[in-house]
Structures are given as C-alpha cells and as structure tokens.
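S.K.: Let me begin by handing over the structure; questions about it come next.
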Number of protein chains: 2
Amino acid sequence: MNKDTRFLIIGLGLMGGSYAYALSKRGYHVSAIDINSDAISYAKKHDIIEEGAVFDESLIRHADVVFFGLYPNTMVEWIQAKRQHFKKGCLISDVSGVKCSIVERCQALLKTDPVEFIASHPMAGKEVSGVAYANDDMFRQANFIITPTDANTPEAISFLKKFAQELEFANISILTPQKHDEMIGYVSQLTHAIAISLMNANDNPDLVKYTGDSFRDLTRIAKINENLWTELFFLNKQNLIQEIEDFENALNTVKQTLVHEDGEQLKELMIRSTKRRKYFDKPKQS
Amino acid sequence: MNKDTRFLIIGLGLMGGSYAYALSKRGYHVSAIDINSDAISYAKKHDIIEEGAVFDESLIRHADVVFFGLYPNTMVEWIQAKRQHFKKGCLISDVSGVKCSIVERCQALLKTDPVEFIASHPMAGKEVSGVAYANDDMFRQANFIITPTDANTPEAISFLKKFAQELEFANISILTPQKHDEMIGYVSQLTHAIAISLMNANDNPDLVKYTGDSFRDLTRIAKINENLWTELFFLNKQNLIQEIEDFENALNTVKQTLVHEDGEQLKELMIRSTKRRKYFDKPKQS
C-alpha cells in the first residue's frame, strides 16, 4: 500500500478506531467521521487520526479508501444518504459480521457511482467498545475474510489482502457472502445464542461460588451488545435458525444416550468431539 | 493441620498428584498408592511423595488421612476390597465430581469400621492428566466444596476446611450431596454436554480458518476424557437430563424470537444474559 493513500474511517468505535490506530501507527493518512465529537477529539489527541469531524464532505471527497465501522443497517442508510460525496475511484469496505444482506444492498446503491464497494470481515473484537480501547494487538491472532461478488475487481481484492497483511492478520481468506454467512452462523452466532441461553437457563446468582473456568469460558460472550447482535442475528436469520437446529439435534443425541443408558454411544460422541476439537488447536495457517 | 499428619494419596493422577505436591511442598508426610509404578517412581524422584507403591498394606495402615484420586466407581470398588487396612480413626476423602451416587455407597461400606468418610470436591483441573503435571497453582482460583452427610462429624468438616485453606483454595463451601449434584449438573456437566454437541454439530475442519476466540472458548472442553466423563454423566444422570432440558427451552426461546422476528424479546434475552453474566465477573468471595 502506498503511504500517500488517504484512509477515512466512518464510525470510530472499537473496530473503526483500531483500524485508524493501526494505520496511523504505520504512517498512513487517516481521518474519521463519527457522530460522537468526543470520539473524534479523543482520537485526534492520541494521534489515532490526523483529522476528523462529526460530518465533513471534504473528508469524504479526499478519501482514497473508506472503511465503515458502523452497524450494518446504519451503514446502508449512510451510503444511501451520502454516496454523492465519495471520490471517483475510491474503494469502500466495512467490518460487518454479516454479508449477504448487506453487500448486495450497498453494491446496488453504488452501482451507478464510480466507486467500488467490497465487503470484508475482520474476525476480531473485545468485550469493550469505543475508540479509547483501540489497539492492533487483536488482529495478530485473527482471521480476515474478504467476501467479493461478481461486481468486484481483482484489484480491490488484492488491495484488501495487502491491507490485512499490513495490519498483520494471522489468516486471510476469500469466501462468497453466502459461505461467509453460513460459517459465521455456526462459529459465531450459534456460540453467542448458546452462551445467552446457558446464562438464562438458571437464575441462581449463588452459583458464582461454585463455577469453574469451563462455565466462565462458555458464558463470557453472554455479555453482549443487544442492539448490535439483535441486528446481526436478524440479518442472518435463516442460517442461524438452521445452525441452532443442527445443534439441538446434536445435544438431543447426547441426552438420548443418558435416557437410554448407552455408555458406548456417549463415549463415541466424546471421542468424536475430542478428535474434531484437536483441529482447532493446530498452529494457524498463514 | 499438624505437620506430623501422615497423608496417603490413592490414585496419583493429576488431582491426586497435585494434592501430594501441594502437601509435600508444605512439609507434610505424603505417601501414595497407584497401579502405575512409573507414576510412583516419578513422584518419588521429584519429591512429590516420600514413599509409594503399587500396593502396600503398611502405607494404608499408617495413614491418618487418605485422599482418593480415583474415578468414582473405581474408588467404591477399592474401598470394598481393601477397607480392612485403614487405620482406626483415619479420615477418608475424595476428589469426585459427583456425590450422591458415591457418598452413600462409601459411607455404607465403611459404617462398621472406625473410620470416617467425608466427601469433598476440588473444582480445579486441567486438560492434561498424570502426576507429571502436578501443581498447586490451579487451587488458588478454585472452589473447594465439602459435602457432609448426617454420618459426618464437625471435626471432619473442620479438618477439610483447614486442608483447603492450607492449599490456598479461593472459596470453601459446604453443600449437601444433593445440592452439589444439582449445581454441578448445571455449571460443569451441562457445559461439557454443550461443548461436545457444538463440536459434533458440524464436521467441516476448514472452519478452523475462520474461528474466533469465542468458538475456541466454548469448545475447549470438547476435548474430554470419555471414560471419566461418561462415568460422571451417568452417575448424575437425572440432574443432567433436567439441566439439558432447561437449556433446550432457553435456546428454543431464542430461536422463536428469530422465527417470529421479535426483536424486542431477543434484546430482552440479551440484556438478561448480560446482567446475569456480570455476577460471575465479581471478585470471588472468600
């Protein structure tokens, strides 16, 4: 990537802020737009951005690359309202955790404009929010997924790969929006639905005295931003319902081994889960 | 506890070995019995025990306090076969993860002997096994639960409390075997059943490229010792089936909000899980 490239981050929360932080640290020009003027002031004061505003057309007009750090539906509305300000030839991407329901709408909105929207998903995060927690450590163990469509160019894909390499993501993958959403329905959304349900299945706060690490690990993500995650769940509803049902079947299989006292079958299920889980311990591919 | 107290550990695996390690480090006399002579040799060589054998009546005859580190059913069989060797007045405890199905059987077997069996459960562990991994760090964040019955004396309860304090457990609690098994059905066995099912619900190993920390955290315990855990699940079958069904209902509630597009209800479920999970972040009680 060229150090003269001008990046604009729209939505300076944890993810947008961390992109800004990582890019500024590496010597790129970064500006930001956020409805919260305190976030802008903080980011300027801490050299996370060069410039920023609650809204400023000229920041948009001068940006070569735009990353949206907004909630998915808010991003679509923003593009609908402000798309006339993008610079000719600019590249636009996002950080959204769902793709099918977003990518087509954004590309349709921008199809007559001389700009390119290509979606991507940095699979990183923390249980905190806001630019004050911006950091680039979280990218080093994380996956970066690019989800191009027929509307995208090889150059845009190539640019996002270089961007992810520059930010030191551990893995960079290319998936269709459909495959992305199926995968995310399982590895992310189902796990959150489970954690919420596990936490809600028992209302005895005295249990805290008796919990071990396994319970804490399983419920860590039960602390959840209800506005963002309700939006993400609904935008990927069909996949998530399917994943919940596959999981319900797997859990029922365990339950039936207890009901029918089938120890051999229960051991088989444990041997299978142990074997599969070992894949996930391997050193990550690069 | 008196430094002249002679401890005997029967079953020198991770838990038994860690008890031996922690006690020896604090200057107590510790011996061990294990069917694996390599475990005994290792423990002697590393000063984890003073003496040990595959079997030795005199070690049993001289022990003031005996801790069983065996699988639950194996412990019951061991007591049945060897109970005549225990020293008069000796105190016997265990490390089992289930209580109702074990405590009564052990106390019934020993009721005519001048010894006291009082059950306890150190809620600590690792994903490894064997005395070579013995350590006492894992006790410092852990709960120690004593599950006395009417057959137990205040002196025995008091002794186990002092033992747990000496080993620096973070919390010491007293529960009936019934309450213990209900609690463990939820915070430990249900979480393992979920992790196994989540891992078995999808057989695509390519997913490793796309997983984030939340999936890894939820499935860490899907690597499981099938012999031990099948035994633990079956010994607490009724509680575990009930906990699975309560969880199934909670998960179905989430699913129904998706099916019926009830965003307000889904947000409520997330707000509730967030609020409940926060209890579990508090500094532990001592």
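Labeling convention for the structure tokens: chains A, B, ... as they appear, residues from 1 per chain, ligands from 1 in order of appearance.
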Taking only range 25-249 of chain B into account, list the residues labelled alpha helix (DSSP H) by DSSP (computed from the backbone), as a ChimeraX atom specification.
M.R.: /B:25,37-45,57-61,72-82,100-110,154-166,177-184,191-200,213-219,226-235,237-249
S.K.: Might you pull out every residue within 9 Å of Phe163 in chain B, with only C-alpha atoms counted and same-chain residues fewer than 5 positions away left off, and present them as a short mmCIF file (atom, residue, chain, number, x, y, z; two decimals) with N, CA, C and O atoms, in the first residue's frame?
M.R.:
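Listed below is the output, part_16.cif:
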data_model
loop_
_atom_site.label_atom_id
_atom_site.label_comp_id
_atom_site.auth_asym_id
_atom_site.auth_seq_id
_atom_site.Cartn_x
_atom_site.Cartn_y
_atom_site.Cartn_z
N MET B 1 -3.49 -27.81 60.64
CA MET B 1 -3.11 -29.22 60.50
C MET B 1 -1.73 -29.43 61.10
O MET B 1 -0.85 -28.60 60.98
N SER B 158 -14.32 -29.62 59.86
CA SER B 158 -13.33 -28.63 60.25
C SER B 158 -11.95 -28.98 59.68
O SER B 158 -11.21 -28.12 59.21
N GLU B 168 -4.71 -23.22 49.89
CA GLU B 168 -5.00 -21.89 49.33
C GLU B 168 -6.12 -21.86 48.30
O GLU B 168 -6.09 -21.08 47.35
#
S.K.: For Gly185 in chain A, work out the shell of residues within 7 Å, counting only C-alpha atoms and skipping chain neighbours fewer than 3 positions away, then give it as a ChimeraX atom specification.
M.R.: /A:181-182,188-190,239-240,243
S.K.: Residues near range 12-27 of chain A, anyone? I mean within 6 Å using only C-alpha atoms, not counting same-chain ones fewer than 6 positions away, as a CSV table (one decimal) with N, CA and C atoms, in the first residue's frame.
M.R.:
chain,number,residue,atom,x,y,z
A,34,ASP,N,-17.5,10.6,12.8
A,34,ASP,CA,-18.3,9.9,13.9
A,34,ASP,C,-19.3,10.9,14.4
A,48,ILE,N,-4.5,9.0,16.9
A,48,ILE,CA,-5.1,7.9,16.2
A,48,ILE,C,-5.6,8.3,14.8
A,69,GLY,N,-17.1,1.6,10.0
A,69,GLY,CA,-17.2,0.8,11.3
A,69,GLY,C,-18.5,0.9,12.0
A,129,SER,N,-16.2,-1.4,24.2
A,129,SER,CA,-16.5,-0.7,22.9
A,129,SER,C,-15.9,0.7,23.1
A,130,GLY,N,-15.7,1.4,21.9
A,130,GLY,CA,-15.2,2.7,21.9
A,130,GLY,C,-13.8,2.9,21.5
A,131,VAL,N,-13.5,4.0,20.9
A,131,VAL,CA,-12.1,4.3,20.3
A,131,VAL,C,-11.1,4.3,21.4
A,134,ALA,N,-9.0,1.3,21.3
A,134,ALA,CA,-8.4,1.0,20.0
A,134,ALA,C,-7.0,0.4,20.2
A,135,ASN,N,-6.7,-0.7,19.5
A,135,ASN,CA,-5.4,-1.3,19.6
A,135,ASN,C,-5.3,-2.2,18.4
A,136,ASP,N,-4.0,-2.6,18.0
A,136,ASP,CA,-3.9,-3.5,16.9
A,136,ASP,C,-3.4,-4.9,17.3
S.K.: Quick one: distance from CA of Met123 in chain A to CA of Phe7 in chain A in Å, one decimal?
M.R.: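 Rounded to one decimal, the two atoms are 20.5 Å apart.
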S.K.: Which is closest to chain B among A:Ile145, A:Ala132, A:Ala164, A:Leu70, if we use only C-alpha atoms?
M.R.: A:Ile145
S.K.: Residues of range 92-272 of chain B in strand (DSSP E or B) according to DSSP, as a ChimeraX atom specification?
M.R.: /B:92-93,116-117,119-123,143-147,171-174
S.K.: Contacts of Gln165 in chain B at 12 Å or less, counting only C-alpha atoms, minus same-chain residues fewer than 2 places along, as a list in words?
M.R.: Met1, Ala22, Leu23, Pro122, Phe139, Arg140, Ala142, Asn143, Phe144, Ile145, Ser158, Phe159, Leu160, Lys161, Lys162, Phe163, Leu167, Glu168, Phe169, Ala170, Asn171, Ile172, Ser173 and Ser286 of chain B
